[in-house]
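Take a look at the structure below.
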Amino acid sequence: MKRNKLTLLVFTLYLVRMGVEAQSYVDLYPIVEANNYQLSILKQEVKATSLENRSAINLPDPQVNLSYMWGDENVPSDKRMLSISQDFDLTTISGARRRLAKSKEASSEAYYRVEKQAVLEKFSQNCIKWRYLTKQIEQRNAMATILSQLAESNQKRYASGELNILEFNKFQFSIAEFNTQIRLLELERENLYQQLCYSNGGIQIDTTLLQYDFTPIPVDFTSWLDSILVYIPEMHYYQQNKEISSREEKLARLSWLPQLSAGYQSEITDIEAMRGGTIGVSLPLWANKNKVQSQRANSKVADLRYDEAQFRIKSELSMLYEQIVAMEELLSEYQNSIHSFSVLEHEAKAYRLGALSALDYLESTMRYIALYDDVLELEYLIQMKKLSLMILGR
């Protein structure tokens with residue numbers, strides 16, 4: 001009975017195992033962000049896009065023209081002409097293009113945050129599944145050990161005729177079944193570990209102390225959601241797109257202002273030399289037709305996308321929160337059930353006294369294992385849903 005109690009206690013401790021040395025997958029986020037190939041590429045793309053946007057905030061290059069015209073025998077004087085001119089774009093001089101470039105740069109950074117969140121979420125899902133598989137392996141190893149111990153005593157009981165061949169073979173088959181399950185789970189976990197290392201840029205990760213993230217969900221969900229909504233990467237990205245559309249609309253209005261050009265020109269012949277300044281005005285009569293209306297329509301689209309994303313995210317997270325609360329209540333009920341040792345202890349005692357057959361005891365133990373599997377699966381599903389909720393606030 002003492003051994004059976006200890007085994008059941010080990011099963012229960014798996015549910016709440018969270019020692020001081022435990023490491024949540026959240027703790028691994030900094031190294032994954034630093035080593036992940038996809039995020040490294042995105043960082044360089046954001047940098048390149050930023051430099052490209054900054055190149056559009058400068059004035060056009062000055063134009064220099066040099067001409068040489070020679071005369072004939074009737075006009076013996078050759079002519080040399082030099083002109084230098086500079087166009088002045090008022091949208092650039094006013095700083096509108098610079099502000100637009102900064103908004104685009106912020107949008108690129110917001111897009112990086114969206115992609116980073118997706119990478120970290122996928123990594124976290126793999127960590128959660130790795131822990132789930134590990135718990136299953138631990139449980140089946142413990143059960144295989146118990147069955148192996150029973151099999152040793154059953155071998156003696158079978159030899160003495162106290163146990164029939166059907167009951168004896170049932171135990172042997174159960175041991176083989178658990179060993180097969182353990183190997184398949186180990187193969188799946190090994191494959192998952194390779195995915196974890198890939199997310200970390202091919203660098204190995206120490207998963208020895210890896211545990212679930214037991215950060216509790218917020219009690220006041222509405223206030224929590226309102227406080228983080230603007231910081232959610234997807235919402236921040238749409239907010240930046242709204243700002244870009246607004247600045248592009250203002251730029252379109254400024255494009256209707258005349259563009260100026262100023263310069264210097266000289267004309268030199270063998271007889272005379274003439275020099276002077278030049279000034280020009282470009283009238284935007286046709287090139288910008290419908291541009292303001294087009295940008296105003298784009299601004300409206302950006303506003304609608306932001307509103308749609310806000311409504312969708314709030315709805316999805318509200319439903320997700322309700323699911324987590326309901327599933328955590330169900331998990332608590334399961335845990336209370338699995339913490340009750342009395343039934344299995346009495347059945348173990350009855351089996352040792354010969355009042356319970358080996359098959360009945362095995363069936364009772366399998367029901368306990370099935371219940372424990374349900375607990376593990378429910379715990380795993382809760383962790384997955386909590387990840388989708390809590391990663392938005394990080």
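By order of appearance in the structure tokens: chains A, B, ..., then residues from 1 within every chain, and ligands from 1 in the order shown.
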Please provide as a PDB file with N, CA and C atoms, in the first residue's frame all residues within 9 Å of Tyr29 of chain A, with the sequence filter that same-chain residues fewer than 6 positions apart are discarded (counting only C-alpha atoms).
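Written output follows (out30.pdb):
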```
ATOM      1  N   LEU A 120       7.042  34.101 -31.853  1.00  0.00           N
ATOM      2  CA  LEU A 120       7.091  33.727 -30.443  1.00  0.00           C
ATOM      3  C   LEU A 120       5.886  32.882 -30.050  1.00  0.00           C
ATOM      4  N   PHE A 123       6.634  29.406 -31.307  1.00  0.00           N
ATOM      5  CA  PHE A 123       7.632  28.829 -30.418  1.00  0.00           C
ATOM      6  C   PHE A 123       6.992  28.398 -29.098  1.00  0.00           C
ATOM      7  N   SER A 124       6.125  29.237 -28.559  1.00  0.00           N
ATOM      8  CA  SER A 124       5.459  28.932 -27.291  1.00  0.00           C
ATOM      9  C   SER A 124       4.549  27.718 -27.432  1.00  0.00           C
TER      10      SER A 124
END
```
Non-local contacts of Ala252 of chain A (7 Å; only C-alpha atoms; under 4 positions in same chain excluded) as a list of chain:residue names: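 Residues near the query, excluding close chain neighbours: A:Glu248, A:Lys291, A:Val292.
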Could the residues in this selection be saved with N, CA, C and O atoms as a PDB file, in the first residue's frame?
```
ATOM      1  N   GLU A 248      -0.584  61.038 -46.081  1.00  0.00           N
ATOM      2  CA  GLU A 248      -0.596  61.009 -47.545  1.00  0.00           C
ATOM      3  C   GLU A 248      -1.711  61.896 -48.104  1.00  0.00           C
ATOM      4  O   GLU A 248      -1.556  62.514 -49.160  1.00  0.00           O
ATOM      5  N   LYS A 291      -6.165  63.112 -57.144  1.00  0.00           N
ATOM      6  CA  LYS A 291      -5.234  62.549 -56.173  1.00  0.00           C
ATOM      7  C   LYS A 291      -5.741  62.743 -54.745  1.00  0.00           C
ATOM      8  O   LYS A 291      -5.641  61.837 -53.906  1.00  0.00           O
ATOM      9  N   VAL A 292      -6.291  63.919 -54.454  1.00  0.00           N
ATOM     10  CA  VAL A 292      -6.799  64.179 -53.109  1.00  0.00           C
ATOM     11  C   VAL A 292      -7.970  63.258 -52.803  1.00  0.00           C
ATOM     12  O   VAL A 292      -8.059  62.661 -51.718  1.00  0.00           O
TER      13      VAL A 292
END
```
In Å, how far is it from atom CA of Leu254 of chain A to atom CA of Leu59 of chain A?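 So the two atoms, atom CA of Leu254 of chain A and atom CA of Leu59 of chain A, lie 15.2 Å apart.
Contact shell of segment 139-152 of chain A at 8 Å (only C-alpha atoms; same-chain neighbours under 4 positions omitted): Thr7, Phe11, Lys135, Lys156, Phe168, Phe171, Gln172, Ser174, Ile175, Phe178, Asn179, Gln181 and Ile182 of chain A.
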Would you mind reading off the distance between atom CA of Gln240 of chain A and atom CA of Gln310 of chain A, one decimal, in Å?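 It comes out at 13.8 Å.
Of the residues under consideration (A:Ala358, A:Ala302, A:Cys127, A:Val32), A:Ala302 shows the shortest atom-to-atom contact distance to Gln239 of chain A when counting only C-alpha atoms.
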Given the choices A:Leu251, A:Leu66, A:Ala34, A:Leu28, which gets closest to Ser266 of chain A if the distance is worked out from only C-alpha atoms?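 Closest residue, counting only C-alpha atoms: A:Leu66.
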For Ile313 of chain A, please output as a list in words all residues within 12 Å (counting only C-alpha atoms; exclusion window: fewer than 6 positions along the same chain).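 The residues satisfying every condition are Leu225, Asp226, Ile228, Leu229, Val230, Ile232, Pro233, Glu234, Met235, Arg305, Tyr306, Asp307, Met319, Leu320, Tyr321, Ser388, Leu389 and Leu392 of chain A.
Remark: for Pro62 of chain A, the closest of the candidate residues A:Ala297, A:Leu376, A:Val46, A:Ala262 is A:Ala262 (distances computed over only C-alpha atoms).
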Identify all residues of segment 229-355 of chain A in alpha helix (DSSP H) (DSSP on the backbone) and supply them as an mmCIF file with N, CA, C and O atoms, in the first residue's frame.
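And here is the file that came out, part-v3.cif:
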```
data_model
loop_
_atom_site.group_PDB
_atom_site.id
_atom_site.type_symbol
_atom_site.label_atom_id
_atom_site.label_comp_id
_atom_site.auth_asym_id
_atom_site.auth_seq_id
_atom_site.Cartn_x
_atom_site.Cartn_y
_atom_site.Cartn_z
ATOM 1 N N PRO A 233 0.201 44.348 -31.049
ATOM 2 C CA PRO A 233 0.925 44.631 -32.301
ATOM 3 C C PRO A 233 0.020 44.811 -33.509
ATOM 4 O O PRO A 233 0.248 45.715 -34.315
ATOM 5 N N GLU A 234 -0.993 43.990 -33.662
ATOM 6 C CA GLU A 234 -1.865 44.127 -34.824
ATOM 7 C C GLU A 234 -2.602 45.452 -34.803
ATOM 8 O O GLU A 234 -2.708 46.138 -35.829
ATOM 9 N N MET A 235 -3.120 45.841 -33.619
ATOM 10 C CA MET A 235 -3.822 47.116 -33.508
ATOM 11 C C MET A 235 -2.866 48.277 -33.733
ATOM 12 O O MET A 235 -3.232 49.273 -34.375
ATOM 13 N N HIS A 236 -1.649 48.169 -33.217
ATOM 14 C CA HIS A 236 -0.657 49.229 -33.419
ATOM 15 C C HIS A 236 -0.313 49.374 -34.896
ATOM 16 O O HIS A 236 -0.127 50.493 -35.398
ATOM 17 N N TYR A 237 -0.260 48.259 -35.596
ATOM 18 C CA TYR A 237 0.037 48.288 -37.029
ATOM 19 C C TYR A 237 -1.068 49.013 -37.804
ATOM 20 O O TYR A 237 -0.787 49.865 -38.663
ATOM 21 N N TYR A 238 -2.316 48.701 -37.493
ATOM 22 C CA TYR A 238 -3.429 49.377 -38.177
ATOM 23 C C TYR A 238 -3.496 50.856 -37.805
ATOM 24 O O TYR A 238 -3.879 51.690 -38.635
ATOM 25 N N GLN A 239 -3.124 51.176 -36.560
ATOM 26 C CA GLN A 239 -3.087 52.581 -36.151
ATOM 27 C C GLN A 239 -2.048 53.351 -36.955
ATOM 28 O O GLN A 239 -2.294 54.487 -37.402
ATOM 29 N N GLN A 240 -0.897 52.741 -37.175
ATOM 30 C CA GLN A 240 0.143 53.386 -37.967
ATOM 31 C C GLN A 240 -0.296 53.555 -39.420
ATOM 32 O O GLN A 240 0.013 54.566 -40.066
ATOM 33 N N ASN A 241 -1.020 52.589 -39.945
ATOM 34 C CA ASN A 241 -1.536 52.714 -41.318
ATOM 35 C C ASN A 241 -2.539 53.851 -41.428
ATOM 36 O O ASN A 241 -2.609 54.541 -42.458
ATOM 37 N N LYS A 242 -3.319 54.054 -40.372
ATOM 38 C CA LYS A 242 -4.237 55.202 -40.365
ATOM 39 C C LYS A 242 -3.452 56.505 -40.433
ATOM 40 O O LYS A 242 -3.822 57.426 -41.177
ATOM 41 N N GLU A 243 -2.383 56.574 -39.667
ATOM 42 C CA GLU A 243 -1.576 57.795 -39.657
ATOM 43 C C GLU A 243 -0.910 58.022 -41.014
ATOM 44 O O GLU A 243 -0.831 59.166 -41.486
ATOM 45 N N ILE A 244 -0.448 56.947 -41.644
ATOM 46 C CA ILE A 244 0.162 57.074 -42.975
ATOM 47 C C ILE A 244 -0.856 57.608 -43.973
ATOM 48 O O ILE A 244 -0.558 58.525 -44.765
ATOM 49 N N SER A 245 -2.054 57.052 -43.969
ATOM 50 C CA SER A 245 -3.093 57.501 -44.904
ATOM 51 C C SER A 245 -3.445 58.958 -44.674
ATOM 52 O O SER A 245 -3.661 59.722 -45.628
ATOM 53 N N SER A 246 -3.497 59.359 -43.405
ATOM 54 C CA SER A 246 -3.798 60.760 -43.094
ATOM 55 C C SER A 246 -2.705 61.691 -43.620
ATOM 56 O O SER A 246 -2.995 62.747 -44.199
ATOM 57 N N ARG A 247 -1.454 61.296 -43.444
ATOM 58 C CA ARG A 247 -0.347 62.145 -43.912
ATOM 59 C C ARG A 247 -0.270 62.152 -45.445
ATOM 60 O O ARG A 247 0.088 63.172 -46.044
ATOM 61 N N GLU A 248 -0.584 61.038 -46.081
ATOM 62 C CA GLU A 248 -0.596 61.009 -47.545
ATOM 63 C C GLU A 248 -1.711 61.896 -48.104
ATOM 64 O O GLU A 248 -1.556 62.514 -49.160
ATOM 65 N N GLU A 249 -2.820 61.963 -47.372
ATOM 66 C CA GLU A 249 -3.900 62.851 -47.792
ATOM 67 C C GLU A 249 -3.465 64.315 -47.687
ATOM 68 O O GLU A 249 -3.738 65.128 -48.590
ATOM 69 N N LYS A 250 -2.782 64.673 -46.606
ATOM 70 C CA LYS A 250 -2.275 66.040 -46.455
ATOM 71 C C LYS A 250 -1.232 66.346 -47.532
ATOM 72 O O LYS A 250 -1.181 67.455 -48.074
ATOM 73 N N LEU A 251 -0.404 65.363 -47.844
ATOM 74 C CA LEU A 251 0.605 65.545 -48.887
ATOM 75 C C LEU A 251 -0.051 65.769 -50.240
ATOM 76 O O LEU A 251 0.424 66.577 -51.059
ATOM 77 N N ALA A 252 -1.152 65.064 -50.485
ATOM 78 C CA ALA A 252 -1.868 65.235 -51.756
ATOM 79 C C ALA A 252 -2.433 66.652 -51.875
ATOM 80 O O ALA A 252 -2.441 67.243 -52.964
ATOM 81 N N ARG A 253 -2.887 67.196 -50.746
ATOM 82 C CA ARG A 253 -3.397 68.572 -50.784
ATOM 83 C C ARG A 253 -2.258 69.560 -51.073
ATOM 84 O O ARG A 253 -2.429 70.514 -51.841
ATOM 85 N N LEU A 254 -1.116 69.323 -50.453
ATOM 86 C CA LEU A 254 0.029 70.220 -50.684
ATOM 87 C C LEU A 254 0.552 70.120 -52.107
ATOM 88 O O LEU A 254 1.189 71.059 -52.611
ATOM 89 N N LYS A 291 -6.165 63.112 -57.144
ATOM 90 C CA LYS A 291 -5.234 62.549 -56.173
ATOM 91 C C LYS A 291 -5.741 62.743 -54.745
ATOM 92 O O LYS A 291 -5.641 61.837 -53.906
ATOM 93 N N VAL A 292 -6.291 63.919 -54.454
ATOM 94 C CA VAL A 292 -6.799 64.179 -53.109
ATOM 95 C C VAL A 292 -7.970 63.258 -52.803
ATOM 96 O O VAL A 292 -8.059 62.661 -51.718
ATOM 97 N N GLN A 293 -8.898 63.105 -53.773
ATOM 98 C CA GLN A 293 -10.048 62.225 -53.557
ATOM 99 C C GLN A 293 -9.610 60.779 -53.347
ATOM 100 O O GLN A 293 -10.171 60.053 -52.522
ATOM 101 N N SER A 294 -8.587 60.366 -54.095
ATOM 102 C CA SER A 294 -8.086 59.000 -53.958
ATOM 103 C C SER A 294 -7.485 58.763 -52.573
ATOM 104 O O SER A 294 -7.759 57.743 -51.927
ATOM 105 N N GLN A 295 -6.689 59.721 -52.102
ATOM 106 C CA GLN A 295 -6.081 59.575 -50.791
ATOM 107 C C GLN A 295 -7.115 59.670 -49.675
ATOM 108 O O GLN A 295 -6.980 58.994 -48.648
ATOM 109 N N ARG A 296 -8.156 60.466 -49.881
ATOM 110 C CA ARG A 296 -9.230 60.545 -48.892
ATOM 111 C C ARG A 296 -9.958 59.198 -48.789
ATOM 112 O O ARG A 296 -10.316 58.754 -47.691
ATOM 113 N N ALA A 297 -10.148 58.544 -49.925
ATOM 114 C CA ALA A 297 -10.765 57.215 -49.923
ATOM 115 C C ALA A 297 -9.868 56.198 -49.219
ATOM 116 O O ALA A 297 -10.352 55.340 -48.469
ATOM 117 N N ASN A 298 -8.557 56.295 -49.442
ATOM 118 C CA ASN A 298 -7.625 55.394 -48.765
ATOM 119 C C ASN A 298 -7.652 55.606 -47.253
ATOM 120 O O ASN A 298 -7.541 54.643 -46.479
ATOM 121 N N SER A 299 -7.793 56.847 -46.826
ATOM 122 C CA SER A 299 -7.887 57.142 -45.393
ATOM 123 C C SER A 299 -9.132 56.506 -44.795
ATOM 124 O O SER A 299 -9.097 55.969 -43.675
ATOM 125 N N LYS A 300 -10.219 56.538 -45.533
ATOM 126 C CA LYS A 300 -11.451 55.920 -45.057
ATOM 127 C C LYS A 300 -11.283 54.410 -44.933
ATOM 128 O O LYS A 300 -11.755 53.801 -43.957
ATOM 129 N N VAL A 301 -10.612 53.808 -45.888
ATOM 130 C CA VAL A 301 -10.356 52.365 -45.834
ATOM 131 C C VAL A 301 -9.509 52.019 -44.608
ATOM 132 O O VAL A 301 -9.785 51.034 -43.902
ATOM 133 N N ALA A 302 -8.482 52.824 -44.343
ATOM 134 C CA ALA A 302 -7.617 52.579 -43.185
ATOM 135 C C ALA A 302 -8.399 52.695 -41.879
ATOM 136 O O ALA A 302 -8.193 51.904 -40.948
ATOM 137 N N ASP A 303 -9.311 53.670 -41.812
ATOM 138 C CA ASP A 303 -10.153 53.820 -40.611
ATOM 139 C C ASP A 303 -11.043 52.600 -40.421
ATOM 140 O O ASP A 303 -11.207 52.101 -39.303
ATOM 141 N N LEU A 304 -11.634 52.125 -41.503
ATOM 142 C CA LEU A 304 -12.531 50.961 -41.419
ATOM 143 C C LEU A 304 -11.768 49.704 -41.012
ATOM 144 O O LEU A 304 -12.270 48.880 -40.235
ATOM 145 N N ARG A 305 -10.565 49.539 -41.541
ATOM 146 C CA ARG A 305 -9.761 48.370 -41.172
ATOM 147 C C ARG A 305 -9.399 48.395 -39.694
ATOM 148 O O ARG A 305 -9.393 47.354 -39.016
ATOM 149 N N TYR A 306 -9.092 49.575 -39.186
ATOM 150 C CA TYR A 306 -8.773 49.700 -37.759
ATOM 151 C C TYR A 306 -9.993 49.348 -36.914
ATOM 152 O O TYR A 306 -9.887 48.587 -35.942
ATOM 153 N N ASP A 307 -11.149 49.890 -37.275
ATOM 154 C CA ASP A 307 -12.382 49.618 -36.521
ATOM 155 C C ASP A 307 -12.742 48.136 -36.576
ATOM 156 O O ASP A 307 -13.169 47.547 -35.570
ATOM 157 N N GLU A 308 -12.575 47.527 -37.764
ATOM 158 C CA GLU A 308 -12.894 46.101 -37.903
ATOM 159 C C GLU A 308 -11.969 45.251 -37.052
ATOM 160 O O GLU A 308 -12.397 44.306 -36.378
ATOM 161 N N ALA A 309 -10.674 45.581 -37.064
ATOM 162 C CA ALA A 309 -9.701 44.823 -36.274
ATOM 163 C C ALA A 309 -9.988 44.961 -34.780
ATOM 164 O O ALA A 309 -9.891 43.983 -34.026
ATOM 165 N N GLN A 310 -10.350 46.152 -34.355
ATOM 166 C CA GLN A 310 -10.656 46.375 -32.942
ATOM 167 C C GLN A 310 -11.875 45.559 -32.508
ATOM 168 O O GLN A 310 -11.860 44.900 -31.459
ATOM 169 N N PHE A 311 -12.912 45.580 -33.326
ATOM 170 C CA PHE A 311 -14.122 44.816 -33.002
ATOM 171 C C PHE A 311 -13.826 43.314 -33.002
ATOM 172 O O PHE A 311 -14.251 42.580 -32.101
ATOM 173 N N ARG A 312 -13.087 42.851 -34.003
ATOM 174 C CA ARG A 312 -12.773 41.419 -34.124
ATOM 175 C C ARG A 312 -11.920 40.934 -32.952
ATOM 176 O O ARG A 312 -12.212 39.887 -32.359
ATOM 177 N N ILE A 313 -10.879 41.689 -32.620
ATOM 178 C CA ILE A 313 -9.987 41.281 -31.540
ATOM 179 C C ILE A 313 -10.719 41.264 -30.202
ATOM 180 O O ILE A 313 -10.563 40.334 -29.401
ATOM 181 N N LYS A 314 -11.528 42.276 -29.948
ATOM 182 C CA LYS A 314 -12.287 42.304 -28.694
ATOM 183 C C LYS A 314 -13.236 41.114 -28.595
ATOM 184 O O LYS A 314 -13.345 40.469 -27.544
ATOM 185 N N SER A 315 -13.912 40.811 -29.694
ATOM 186 C CA SER A 315 -14.858 39.692 -29.691
ATOM 187 C C SER A 315 -14.140 38.365 -29.487
ATOM 188 O O SER A 315 -14.560 37.523 -28.677
ATOM 189 N N GLU A 316 -13.047 38.163 -30.230
ATOM 190 C CA GLU A 316 -12.305 36.910 -30.126
ATOM 191 C C GLU A 316 -11.727 36.712 -28.727
ATOM 192 O O GLU A 316 -11.801 35.615 -28.172
ATOM 193 N N LEU A 317 -11.158 37.768 -28.163
ATOM 194 C CA LEU A 317 -10.530 37.643 -26.850
ATOM 195 C C LEU A 317 -11.575 37.467 -25.749
ATOM 196 O O LEU A 317 -11.323 36.765 -24.765
ATOM 197 N N SER A 318 -12.727 38.083 -25.896
ATOM 198 C CA SER A 318 -13.795 37.905 -24.909
ATOM 199 C C SER A 318 -14.261 36.455 -24.877
ATOM 200 O O SER A 318 -14.432 35.860 -23.800
ATOM 201 N N MET A 319 -14.488 35.876 -26.062
ATOM 202 C CA MET A 319 -14.893 34.470 -26.124
ATOM 203 C C MET A 319 -13.787 33.568 -25.590
ATOM 204 O O MET A 319 -14.052 32.579 -24.886
ATOM 205 N N LEU A 320 -12.537 33.897 -25.912
ATOM 206 C CA LEU A 320 -11.408 33.100 -25.448
ATOM 207 C C LEU A 320 -11.313 33.144 -23.929
ATOM 208 O O LEU A 320 -11.060 32.115 -23.273
ATOM 209 N N TYR A 321 -11.514 34.311 -23.355
ATOM 210 C CA TYR A 321 -11.455 34.460 -21.903
ATOM 211 C C TYR A 321 -12.526 33.614 -21.220
ATOM 212 O O TYR A 321 -12.260 32.923 -20.231
ATOM 213 N N GLU A 322 -13.748 33.653 -21.745
ATOM 214 C CA GLU A 322 -14.837 32.858 -21.169
ATOM 215 C C GLU A 322 -14.538 31.368 -21.260
ATOM 216 O O GLU A 322 -14.837 30.603 -20.327
ATOM 217 N N GLN A 323 -13.941 30.936 -22.369
ATOM 218 C CA GLN A 323 -13.581 29.528 -22.519
ATOM 219 C C GLN A 323 -12.540 29.119 -21.480
ATOM 220 O O GLN A 323 -12.639 28.035 -20.885
ATOM 221 N N ILE A 324 -11.549 29.972 -21.268
ATOM 222 C CA ILE A 324 -10.486 29.653 -20.306
ATOM 223 C C ILE A 324 -11.060 29.532 -18.896
ATOM 224 O O ILE A 324 -10.725 28.600 -18.150
ATOM 225 N N VAL A 325 -11.923 30.461 -18.519
ATOM 226 C CA VAL A 325 -12.528 30.426 -17.182
ATOM 227 C C VAL A 325 -13.307 29.127 -16.988
ATOM 228 O O VAL A 325 -13.171 28.452 -15.957
ATOM 229 N N ALA A 326 -14.119 28.769 -17.994
ATOM 230 C CA ALA A 326 -14.917 27.542 -17.889
ATOM 231 C C ALA A 326 -14.016 26.305 -17.838
ATOM 232 O O ALA A 326 -14.262 25.376 -17.042
ATOM 233 N N MET A 327 -12.960 26.280 -18.641
ATOM 234 C CA MET A 327 -12.080 25.113 -18.677
ATOM 235 C C MET A 327 -11.264 24.996 -17.394
ATOM 236 O O MET A 327 -10.973 23.884 -16.933
ATOM 237 N N GLU A 328 -10.884 26.123 -16.793
ATOM 238 C CA GLU A 328 -10.145 26.073 -15.532
ATOM 239 C C GLU A 328 -11.025 25.549 -14.402
ATOM 240 O O GLU A 328 -10.545 24.840 -13.512
ATOM 241 N N GLU A 329 -12.311 25.880 -14.427
ATOM 242 C CA GLU A 329 -13.237 25.318 -13.441
ATOM 243 C C GLU A 329 -13.360 23.810 -13.621
ATOM 244 O O GLU A 329 -13.376 23.052 -12.632
ATOM 245 N N LEU A 330 -13.426 23.372 -14.866
ATOM 246 C CA LEU A 330 -13.500 21.939 -15.140
ATOM 247 C C LEU A 330 -12.208 21.246 -14.724
ATOM 248 O O LEU A 330 -12.243 20.139 -14.168
ATOM 249 N N LEU A 331 -11.071 21.877 -14.957
ATOM 250 C CA LEU A 331 -9.796 21.302 -14.554
ATOM 251 C C LEU A 331 -9.729 21.137 -13.044
ATOM 252 O O LEU A 331 -9.213 20.128 -12.536
ATOM 253 N N SER A 332 -10.257 22.110 -12.317
ATOM 254 C CA SER A 332 -10.266 22.015 -10.859
ATOM 255 C C SER A 332 -11.075 20.815 -10.399
ATOM 256 O O SER A 332 -10.685 20.108 -9.454
ATOM 257 N N GLU A 333 -12.193 20.564 -11.071
ATOM 258 C CA GLU A 333 -13.012 19.393 -10.729
ATOM 259 C C GLU A 333 -12.242 18.104 -11.016
ATOM 260 O O GLU A 333 -12.285 17.155 -10.216
ATOM 261 N N TYR A 334 -11.565 18.057 -12.147
ATOM 262 C CA TYR A 334 -10.766 16.876 -12.484
ATOM 263 C C TYR A 334 -9.669 16.653 -11.440
ATOM 264 O O TYR A 334 -9.405 15.518 -11.015
ATOM 265 N N GLN A 335 -9.014 17.732 -11.039
ATOM 266 C CA GLN A 335 -7.926 17.609 -10.066
ATOM 267 C C GLN A 335 -8.442 17.113 -8.727
ATOM 268 O O GLN A 335 -7.788 16.304 -8.057
ATOM 269 N N ASN A 336 -9.607 17.587 -8.332
ATOM 270 C CA ASN A 336 -10.199 17.108 -7.083
ATOM 271 C C ASN A 336 -10.501 15.613 -7.164
ATOM 272 O O ASN A 336 -10.338 14.886 -6.176
ATOM 273 N N SER A 337 -10.924 15.180 -8.346
ATOM 274 C CA SER A 337 -11.219 13.761 -8.523
ATOM 275 C C SER A 337 -9.957 12.916 -8.468
ATOM 276 O O SER A 337 -9.922 11.868 -7.828
ATOM 277 N N ILE A 338 -8.913 13.394 -9.108
ATOM 278 C CA ILE A 338 -7.683 12.600 -9.180
ATOM 279 C C ILE A 338 -6.920 12.631 -7.861
ATOM 280 O O ILE A 338 -6.069 11.769 -7.610
ATOM 281 N N SER A 342 -8.789 7.096 -2.152
ATOM 282 C CA SER A 342 -9.412 6.043 -1.360
ATOM 283 C C SER A 342 -9.838 4.849 -2.199
ATOM 284 O O SER A 342 -9.618 3.700 -1.829
ATOM 285 N N VAL A 343 -10.455 5.119 -3.368
ATOM 286 C CA VAL A 343 -10.979 4.013 -4.166
ATOM 287 C C VAL A 343 -9.858 3.099 -4.628
ATOM 288 O O VAL A 343 -9.915 1.874 -4.469
ATOM 289 N N LEU A 344 -8.813 3.666 -5.176
ATOM 290 C CA LEU A 344 -7.702 2.846 -5.676
ATOM 291 C C LEU A 344 -6.976 2.148 -4.535
ATOM 292 O O LEU A 344 -6.499 1.019 -4.689
ATOM 293 N N GLU A 345 -6.884 2.791 -3.387
ATOM 294 C CA GLU A 345 -6.202 2.163 -2.257
ATOM 295 C C GLU A 345 -6.973 0.935 -1.780
ATOM 296 O O GLU A 345 -6.383 -0.117 -1.497
ATOM 297 N N HIS A 346 -8.282 1.066 -1.695
ATOM 298 C CA HIS A 346 -9.102 -0.077 -1.276
ATOM 299 C C HIS A 346 -9.021 -1.202 -2.294
ATOM 300 O O HIS A 346 -8.963 -2.383 -1.920
ATOM 301 N N GLU A 347 -9.012 -0.835 -3.595
ATOM 302 C CA GLU A 347 -8.932 -1.861 -4.627
ATOM 303 C C GLU A 347 -7.570 -2.544 -4.615
ATOM 304 O O GLU A 347 -7.471 -3.753 -4.868
ATOM 305 N N ALA A 348 -6.493 -1.767 -4.332
ATOM 306 C CA ALA A 348 -5.170 -2.377 -4.236
ATOM 307 C C ALA A 348 -5.121 -3.367 -3.072
ATOM 308 O O ALA A 348 -4.540 -4.456 -3.185
ATOM 309 N N LYS A 349 -5.722 -2.974 -1.951
ATOM 310 C CA LYS A 349 -5.760 -3.867 -0.805
ATOM 311 C C LYS A 349 -6.576 -5.114 -1.113
ATOM 312 O O LYS A 349 -6.171 -6.245 -0.770
ATOM 313 N N ALA A 350 -7.719 -4.921 -1.780
ATOM 314 C CA ALA A 350 -8.561 -6.063 -2.140
ATOM 315 C C ALA A 350 -7.842 -7.005 -3.090
ATOM 316 O O ALA A 350 -7.983 -8.228 -3.007
ATOM 317 N N TYR A 351 -7.041 -6.439 -4.002
ATOM 318 C CA TYR A 351 -6.297 -7.279 -4.954
ATOM 319 C C TYR A 351 -5.244 -8.110 -4.234
ATOM 320 O O TYR A 351 -5.068 -9.302 -4.506
ATOM 321 N N ARG A 352 -4.549 -7.489 -3.273
ATOM 322 C CA ARG A 352 -3.523 -8.229 -2.552
ATOM 323 C C ARG A 352 -4.111 -9.332 -1.679
ATOM 324 O O ARG A 352 -3.485 -10.363 -1.450
#
```
Residue contacts of segment 77-89 of chain A (7 Å, only C-alpha atoms) excluding same-chain residues fewer than 6 positions away, as number ranges by chain: A: 59-60, 62-71, 259-271
